[in-house]
Amino acid sequence: MPVRSAAPPRGSFRLVPLVLALLAALLAVAVPAAAPAHAAVPDRWGFAYLDNPTPPPGYAPDPSRQWGSWASPASNPVKVDQTGAGTYTVHFPLIGGGSGGVAHVTAVNRTGTWCQVQGWGAVGTGLDVKVACYNPAGAPASSPFTVLFSSSTGTPPPPGGDYGYLYSLPSGALLSQYNSAGGANLSSHGSTGLWKAWLPGLGSSVEVGDVQVTAVDAVQGARCKVAGWYPSSTGQTFLVACFDAANAPYDTAWTLSYSVKRAVHGPAYPPKSFGYLWYNGAVPAGTNFNSAGGTNTLSVGVPSAVLMPGVAVPSDHAQVTAYGNGPGWCQLALPWTRSSGTVKLAPLCFNPGGSPVSAPFLLAYTSAF
């Protein structure tokens, strides 16, 4: 796969000494008992892209970038209300039944304004996801964003693939979780702003698949990322690091989704069209996937450009998560574009001061079909 980059090789992206020390301690911590494992995939889901950062009341965002599991989503759209400076409520119709699930959000801008989830819950027959966005100085700010909700039970039907998620409180207690292998996911809190997530029975002994992480905080600005990935034949361990708006380690709730040859919200075939890519100074082969059999390509830059041939089918969706040590973050610079079946995505990362930089990221794209 072509990769054009002046970035150092993968081995040069190392956790800083403090985080290494924290990791050593954290991996030795006995994890608490998890919530009972949910034993089709997914039961309820929806995604949308808010293309207008200051929407009028009851705004229905871009119809080519929203869809869901409810009846007639084309004629029963997602709607968004702005509830304050940088705060929004996303209304997903007819998927309010049940409990649990996870939500993810990715800001779409070049200014460094990031977005997080404040919370979600059933409202009548629908489900509302609350989103808050903050500029690099930590002040509430309006921004376009992508938002995703998914909830799963049961075991996946053929053709297989792996999928799991968890929604962790700051303590490490789980509010919801799912594991397609039937195992019980775990979260263990270490030092401030640092957790170990364990997803047994998923993945392999080398890095395969995609992982997305989102901060969940209704009180203040928070950002979360993947700080480490430790694969094994018995499951996947991820180190999750979270920071406040002042770039200090911060204890907040967070969500994590992991998928191998499955779309970011859990299903596989359908959708027939999805892909993912992890850049960490290199592109590990198992983390570069295209469901159409095409070759994804990466041009590293500020922003970077990722091309995924053969999978560009609206309605579609994308999420981005930062990878590595430190409080930097990643998102999308602009909405993805489609041409002759190829989707072009522009992940963009920022340093702690809010300046655009080239940095590691995890990117997931999916269509609804």
# chains A, B, ... in the order shown; residues from 1 in each chain; ligands from 1
$ residues_around --residues "Asn288 in chain A" --least-positions-apart "6" --cutoff "8 Å" --atoms "only C-alpha atoms" --output "PyMOL selection string"
chain A and resi 209+275-278+296
$ write_last_selection --atoms "N, CA and C atoms" --output "PDB file, in the first residue's frame"
ATOM      1  N   GLY A 209      -7.860  -4.893  12.757  1.00  0.00           N
ATOM      2  CA  GLY A 209      -9.116  -4.222  13.026  1.00  0.00           C
ATOM      3  C   GLY A 209      -8.966  -2.737  13.269  1.00  0.00           C
ATOM      4  N   GLY A 275     -14.539   0.374   5.401  1.00  0.00           N
ATOM      5  CA  GLY A 275     -13.099   0.207   5.494  1.00  0.00           C
ATOM      6  C   GLY A 275     -12.556   0.911   6.716  1.00  0.00           C
ATOM      7  N   TYR A 276     -11.299   0.618   7.043  1.00  0.00           N
ATOM      8  CA  TYR A 276     -10.632   1.296   8.153  1.00  0.00           C
ATOM      9  C   TYR A 276      -9.141   1.300   7.908  1.00  0.00           C
ATOM     10  N   LEU A 277      -8.448   2.183   8.642  1.00  0.00           N
ATOM     11  CA  LEU A 277      -6.996   2.318   8.493  1.00  0.00           C
ATOM     12  C   LEU A 277      -6.417   2.925   9.759  1.00  0.00           C
ATOM     13  N   TRP A 278      -5.312   2.319  10.230  1.00  0.00           N
ATOM     14  CA  TRP A 278      -4.567   2.859  11.378  1.00  0.00           C
ATOM     15  C   TRP A 278      -3.204   3.319  10.882  1.00  0.00           C
ATOM     16  N   ASN A 296      -6.568   0.515   0.039  1.00  0.00           N
ATOM     17  CA  ASN A 296      -6.611   1.848   0.640  1.00  0.00           C
ATOM     18  C   ASN A 296      -5.233   2.491   0.539  1.00  0.00           C
TER      19      ASN A 296
END
$ residues_around --residues "range 284-287 of chain A" --least-positions-apart "6" --cutoff "12 Å" --atoms "only C-alpha atoms" --output "PyMOL selection string"
chain A and resi 1-3+9-10+203-211+229+231+258-262+275-278+295-297+361-364
$ atom_distance --atom1 "CA of Pro303 in chain A" --atom2 "CA of Pro63 in chain A"
25.6 Å
$ select_by_dssp --residues "range 19-254 of chain A" --states "strand (DSSP E or B)" --output "PyMOL selection string"
chain A and resi 44-50+59+67-68+79-84+87-92+102-108+114-123+126-134+140+145-151+162-168+174-179+186-189+194-200+210-216+222-232+235-244+249+253-254
$ closest_residue --among "A:Ala218, A:Ala132, A:Thr192, A:Asn109" --to "Pro356 in chain A" --atoms "only C-alpha atoms"
A:Asn109
$ closest_residue --among "A:Gly326, A:Gly182, A:Pro136, A:Pro93" --to "Gly228 in chain A" --atoms "only C-alpha atoms"
A:Gly326
$ select_by_dssp --residues "range 65-292 of chain A" --states "helix (DSSP H, G or I)" --output "ChimeraX atom specification"
/A:65,285-287
$ atom_distance --atom1 "CA of Ala103 in chain A" --atom2 "CA of Arg44 in chain A"
11.7 Å
$ atom_distance --atom1 "CA of Pro271 in chain A" --atom2 "CA of Ser180 in chain A"
17.3 Å
$ closest_residue --among "A:Val343, A:Val105, A:Val129, A:Val311" --to "Cys330 in chain A" --atoms "only C-alpha atoms"
A:Val105
$ closest_atom_pairs --of "range 111-214 of chain A" --to "range 45-56 of chain A" --cutoff "10 Å" --atoms "only C-alpha atoms" --output "JSON lines"
{"residue": "A:Leu127", "atom": "CA", "partner": "A:Gly46", "partner_atom": "CA", "distance": 9.6}
{"residue": "A:Ala141", "atom": "CA", "partner": "A:Pro53", "partner_atom": "CA", "distance": 9.2}
{"residue": "A:Ser142", "atom": "CA", "partner": "A:Pro53", "partner_atom": "CA", "distance": 5.4}
{"residue": "A:Ser143", "atom": "CA", "partner": "A:Pro53", "partner_atom": "CA", "distance": 4.7}
{"residue": "A:Pro144", "atom": "CA", "partner": "A:Pro53", "partner_atom": "CA", "distance": 4.9}
{"residue": "A:Phe145", "atom": "CA", "partner": "A:Leu50", "partner_atom": "CA", "distance": 5.4}
{"residue": "A:Thr146", "atom": "CA", "partner": "A:Tyr49", "partner_atom": "CA", "distance": 4.3}
{"residue": "A:Val147", "atom": "CA", "partner": "A:Ala48", "partner_atom": "CA", "distance": 5.5}
{"residue": "A:Leu148", "atom": "CA", "partner": "A:Phe47", "partner_atom": "CA", "distance": 4.4}
{"residue": "A:Phe149", "atom": "CA", "partner": "A:Trp45", "partner_atom": "CA", "distance": 5.4}
{"residue": "A:Ser150", "atom": "CA", "partner": "A:Trp45", "partner_atom": "CA", "distance": 4.2}
{"residue": "A:Ser151", "atom": "CA", "partner": "A:Trp45", "partner_atom": "CA", "distance": 6.3}
{"residue": "A:Ser152", "atom": "CA", "partner": "A:Trp45", "partner_atom": "CA", "distance": 8.7}
$ residues_around --residues "Gly353 in chain A" --least-positions-apart "5" --cutoff "9 Å" --atoms "only C-alpha atoms" --output "list in words"
Pro136, Ala137, Asn247 and Gly328 of chain A
$ write_last_selection --atoms "C-alpha atoms" --output "mmCIF file, in the first residue's frame"
data_model
loop_
_atom_site.group_PDB
_atom_site.id
_atom_site.type_symbol
_atom_site.label_atom_id
_atom_site.label_comp_id
_atom_site.auth_asym_id
_atom_site.auth_seq_id
_atom_site.Cartn_x
_atom_site.Cartn_y
_atom_site.Cartn_z
ATOM 1 C CA PRO A 136 -8.596 24.664 21.700
ATOM 2 C CA ALA A 137 -8.827 27.236 24.491
ATOM 3 C CA ASN A 247 -4.365 19.186 28.549
ATOM 4 C CA GLY A 328 -3.128 15.859 21.207
#
$ decode --residues "range 117-249 of chain A" --atoms "C-alpha atoms" --output "PDB file, in the first residue's frame"
ATOM      1  CA  VAL A 117     -20.595  13.090  23.925  1.00  0.00           C
ATOM      2  CA  GLN A 118     -22.420  14.440  26.967  1.00  0.00           C
ATOM      3  CA  GLY A 119     -24.750  11.449  27.272  1.00  0.00           C
ATOM      4  CA  TRP A 120     -27.644   9.653  25.609  1.00  0.00           C
ATOM      5  CA  GLY A 121     -30.981   8.084  26.452  1.00  0.00           C
ATOM      6  CA  ALA A 122     -34.451   7.172  25.258  1.00  0.00           C
ATOM      7  CA  VAL A 123     -36.956   9.993  24.768  1.00  0.00           C
ATOM      8  CA  GLY A 124     -40.353   8.584  23.867  1.00  0.00           C
ATOM      9  CA  THR A 125     -39.849   6.143  21.016  1.00  0.00           C
ATOM     10  CA  GLY A 126     -36.593   7.787  19.964  1.00  0.00           C
ATOM     11  CA  LEU A 127     -33.086   8.155  21.329  1.00  0.00           C
ATOM     12  CA  ASP A 128     -31.295  11.456  21.964  1.00  0.00           C
ATOM     13  CA  VAL A 129     -27.510  11.831  21.935  1.00  0.00           C
ATOM     14  CA  LYS A 130     -26.189  15.037  23.480  1.00  0.00           C
ATOM     15  CA  VAL A 131     -22.992  16.496  22.006  1.00  0.00           C
ATOM     16  CA  ALA A 132     -20.735  19.336  23.202  1.00  0.00           C
ATOM     17  CA  CYS A 133     -17.897  21.003  21.275  1.00  0.00           C
ATOM     18  CA  TYR A 134     -14.993  23.110  22.563  1.00  0.00           C
ATOM     19  CA  ASN A 135     -12.314  25.206  20.897  1.00  0.00           C
ATOM     20  CA  PRO A 136      -8.596  24.664  21.700  1.00  0.00           C
ATOM     21  CA  ALA A 137      -8.827  27.236  24.491  1.00  0.00           C
ATOM     22  CA  GLY A 138     -11.546  25.160  26.160  1.00  0.00           C
ATOM     23  CA  ALA A 139     -14.466  27.480  25.428  1.00  0.00           C
ATOM     24  CA  PRO A 140     -17.730  26.127  24.001  1.00  0.00           C
ATOM     25  CA  ALA A 141     -17.730  26.486  20.219  1.00  0.00           C
ATOM     26  CA  SER A 142     -19.969  25.471  17.333  1.00  0.00           C
ATOM     27  CA  SER A 143     -18.750  22.849  14.877  1.00  0.00           C
ATOM     28  CA  PRO A 144     -19.965  20.326  12.329  1.00  0.00           C
ATOM     29  CA  PHE A 145     -19.585  16.747  13.569  1.00  0.00           C
ATOM     30  CA  THR A 146     -20.352  13.116  12.853  1.00  0.00           C
ATOM     31  CA  VAL A 147     -22.278  11.148  15.467  1.00  0.00           C
ATOM     32  CA  LEU A 148     -22.951   7.427  15.831  1.00  0.00           C
ATOM     33  CA  PHE A 149     -25.005   5.285  18.204  1.00  0.00           C
ATOM     34  CA  SER A 150     -25.087   1.481  18.243  1.00  0.00           C
ATOM     35  CA  SER A 151     -26.404  -1.191  20.603  1.00  0.00           C
ATOM     36  CA  SER A 152     -25.900  -4.954  20.221  1.00  0.00           C
ATOM     37  CA  THR A 153     -26.934  -8.222  21.826  1.00  0.00           C
ATOM     38  CA  GLY A 154     -26.538 -11.840  20.803  1.00  0.00           C
ATOM     39  CA  THR A 155     -23.792 -13.378  18.700  1.00  0.00           C
ATOM     40  CA  PRO A 156     -22.965 -12.298  15.151  1.00  0.00           C
ATOM     41  CA  PRO A 157     -24.317 -14.251  12.192  1.00  0.00           C
ATOM     42  CA  PRO A 158     -21.970 -15.494   9.462  1.00  0.00           C
ATOM     43  CA  PRO A 159     -19.658 -14.443   7.868  1.00  0.00           C
ATOM     44  CA  GLY A 160     -18.209 -13.566  11.230  1.00  0.00           C
ATOM     45  CA  GLY A 161     -15.653 -10.949  12.065  1.00  0.00           C
ATOM     46  CA  ASP A 162     -15.163  -9.533  15.548  1.00  0.00           C
ATOM     47  CA  TYR A 163     -16.962  -6.684  17.276  1.00  0.00           C
ATOM     48  CA  GLY A 164     -17.036  -5.369  20.812  1.00  0.00           C
ATOM     49  CA  TYR A 165     -17.627  -2.207  22.783  1.00  0.00           C
ATOM     50  CA  LEU A 166     -17.651  -0.809  26.302  1.00  0.00           C
ATOM     51  CA  TYR A 167     -18.962   2.288  28.027  1.00  0.00           C
ATOM     52  CA  SER A 168     -16.806   2.904  31.082  1.00  0.00           C
ATOM     53  CA  LEU A 169     -17.322   5.185  34.047  1.00  0.00           C
ATOM     54  CA  PRO A 170     -14.248   6.986  35.452  1.00  0.00           C
ATOM     55  CA  SER A 171     -13.986   4.266  38.100  1.00  0.00           C
ATOM     56  CA  GLY A 172     -13.727   1.562  35.440  1.00  0.00           C
ATOM     57  CA  ALA A 173     -17.209   0.214  36.167  1.00  0.00           C
ATOM     58  CA  LEU A 174     -19.063  -0.570  32.948  1.00  0.00           C
ATOM     59  CA  LEU A 175     -22.464   0.879  32.125  1.00  0.00           C
ATOM     60  CA  SER A 176     -22.755  -1.222  28.971  1.00  0.00           C
ATOM     61  CA  GLN A 177     -20.638  -3.652  26.989  1.00  0.00           C
ATOM     62  CA  TYR A 178     -20.806  -6.163  24.146  1.00  0.00           C
ATOM     63  CA  ASN A 179     -18.468  -8.883  22.913  1.00  0.00           C
ATOM     64  CA  SER A 180     -19.248 -10.920  19.777  1.00  0.00           C
ATOM     65  CA  ALA A 181     -17.207 -13.836  21.141  1.00  0.00           C
ATOM     66  CA  GLY A 182     -19.431 -13.971  24.213  1.00  0.00           C
ATOM     67  CA  GLY A 183     -16.738 -12.851  26.656  1.00  0.00           C
ATOM     68  CA  ALA A 184     -17.018 -10.212  29.364  1.00  0.00           C
ATOM     69  CA  ASN A 185     -15.149  -7.018  28.547  1.00  0.00           C
ATOM     70  CA  LEU A 186     -13.403  -5.239  31.399  1.00  0.00           C
ATOM     71  CA  SER A 187     -12.190  -1.752  32.233  1.00  0.00           C
ATOM     72  CA  SER A 188      -9.679  -0.972  34.971  1.00  0.00           C
ATOM     73  CA  HIS A 189      -8.771   2.516  36.162  1.00  0.00           C
ATOM     74  CA  GLY A 190      -5.125   3.283  36.889  1.00  0.00           C
ATOM     75  CA  SER A 191      -3.695   6.743  37.478  1.00  0.00           C
ATOM     76  CA  THR A 192      -5.696   9.874  36.718  1.00  0.00           C
ATOM     77  CA  GLY A 193      -6.887   9.815  33.125  1.00  0.00           C
ATOM     78  CA  LEU A 194      -5.630   6.303  32.351  1.00  0.00           C
ATOM     79  CA  TRP A 195      -7.487   2.993  31.914  1.00  0.00           C
ATOM     80  CA  LYS A 196      -6.918  -0.519  30.632  1.00  0.00           C
ATOM     81  CA  ALA A 197      -9.687  -2.005  28.466  1.00  0.00           C
ATOM     82  CA  TRP A 198      -9.733  -5.781  27.947  1.00  0.00           C
ATOM     83  CA  LEU A 199     -11.817  -7.443  25.184  1.00  0.00           C
ATOM     84  CA  PRO A 200     -11.355 -11.218  25.492  1.00  0.00           C
ATOM     85  CA  GLY A 201     -11.682 -13.548  22.523  1.00  0.00           C
ATOM     86  CA  LEU A 202     -11.468 -10.795  19.903  1.00  0.00           C
ATOM     87  CA  GLY A 203      -8.741 -10.023  17.369  1.00  0.00           C
ATOM     88  CA  SER A 204      -5.472 -11.928  17.096  1.00  0.00           C
ATOM     89  CA  SER A 205      -1.887 -11.962  18.345  1.00  0.00           C
ATOM     90  CA  VAL A 206      -1.029  -9.035  16.025  1.00  0.00           C
ATOM     91  CA  GLU A 207      -2.890  -5.774  15.541  1.00  0.00           C
ATOM     92  CA  VAL A 208      -5.966  -6.291  13.356  1.00  0.00           C
ATOM     93  CA  GLY A 209      -9.116  -4.222  13.026  1.00  0.00           C
ATOM     94  CA  ASP A 210     -10.098  -0.737  14.114  1.00  0.00           C
ATOM     95  CA  VAL A 211     -10.732   0.936  17.467  1.00  0.00           C
ATOM     96  CA  GLN A 212     -12.567   4.191  18.193  1.00  0.00           C
ATOM     97  CA  VAL A 213     -12.707   6.049  21.534  1.00  0.00           C
ATOM     98  CA  THR A 214     -14.848   9.024  22.604  1.00  0.00           C
ATOM     99  CA  ALA A 215     -15.022  11.027  25.847  1.00  0.00           C
ATOM    100  CA  VAL A 216     -18.385  11.177  27.624  1.00  0.00           C
ATOM    101  CA  ASP A 217     -18.703  14.141  29.982  1.00  0.00           C
ATOM    102  CA  ALA A 218     -21.670  16.394  30.726  1.00  0.00           C
ATOM    103  CA  VAL A 219     -19.718  18.794  32.964  1.00  0.00           C
ATOM    104  CA  GLN A 220     -16.632  20.029  31.127  1.00  0.00           C
ATOM    105  CA  GLY A 221     -14.474  19.611  28.053  1.00  0.00           C
ATOM    106  CA  ALA A 222     -12.761  16.228  27.744  1.00  0.00           C
ATOM    107  CA  ARG A 223     -10.839  14.318  25.080  1.00  0.00           C
ATOM    108  CA  CYS A 224      -9.970  10.622  24.992  1.00  0.00           C
ATOM    109  CA  LYS A 225      -7.687   8.604  22.739  1.00  0.00           C
ATOM    110  CA  VAL A 226      -5.997   5.226  22.336  1.00  0.00           C
ATOM    111  CA  ALA A 227      -2.611   5.441  24.070  1.00  0.00           C
ATOM    112  CA  GLY A 228      -1.574   1.833  23.492  1.00  0.00           C
ATOM    113  CA  TRP A 229      -2.673  -1.392  21.798  1.00  0.00           C
ATOM    114  CA  TYR A 230      -1.473  -4.752  23.130  1.00  0.00           C
ATOM    115  CA  PRO A 231      -2.764  -7.689  21.061  1.00  0.00           C
ATOM    116  CA  SER A 232      -2.717 -11.334  22.103  1.00  0.00           C
ATOM    117  CA  SER A 233      -4.202 -14.605  20.914  1.00  0.00           C
ATOM    118  CA  THR A 234      -6.668 -14.479  23.811  1.00  0.00           C
ATOM    119  CA  GLY A 235      -7.945 -10.932  23.322  1.00  0.00           C
ATOM    120  CA  GLN A 236      -7.114  -7.257  22.947  1.00  0.00           C
ATOM    121  CA  THR A 237      -5.859  -4.825  25.575  1.00  0.00           C
ATOM    122  CA  PHE A 238      -6.158  -1.103  24.893  1.00  0.00           C
ATOM    123  CA  LEU A 239      -4.761   1.715  26.974  1.00  0.00           C
ATOM    124  CA  VAL A 240      -7.196   4.646  27.019  1.00  0.00           C
ATOM    125  CA  ALA A 241      -5.968   8.112  28.009  1.00  0.00           C
ATOM    126  CA  CYS A 242      -8.199  11.126  28.645  1.00  0.00           C
ATOM    127  CA  PHE A 243      -7.431  14.818  29.158  1.00  0.00           C
ATOM    128  CA  ASP A 244      -9.297  17.975  30.075  1.00  0.00           C
ATOM    129  CA  ALA A 245      -9.374  21.176  28.048  1.00  0.00           C
ATOM    130  CA  ALA A 246      -6.168  22.350  29.782  1.00  0.00           C
ATOM    131  CA  ASN A 247      -4.365  19.186  28.549  1.00  0.00           C
ATOM    132  CA  ALA A 248      -4.116  17.652  32.029  1.00  0.00           C
ATOM    133  CA  PRO A 249      -4.924  13.958  32.613  1.00  0.00           C
TER     134      PRO A 249
END
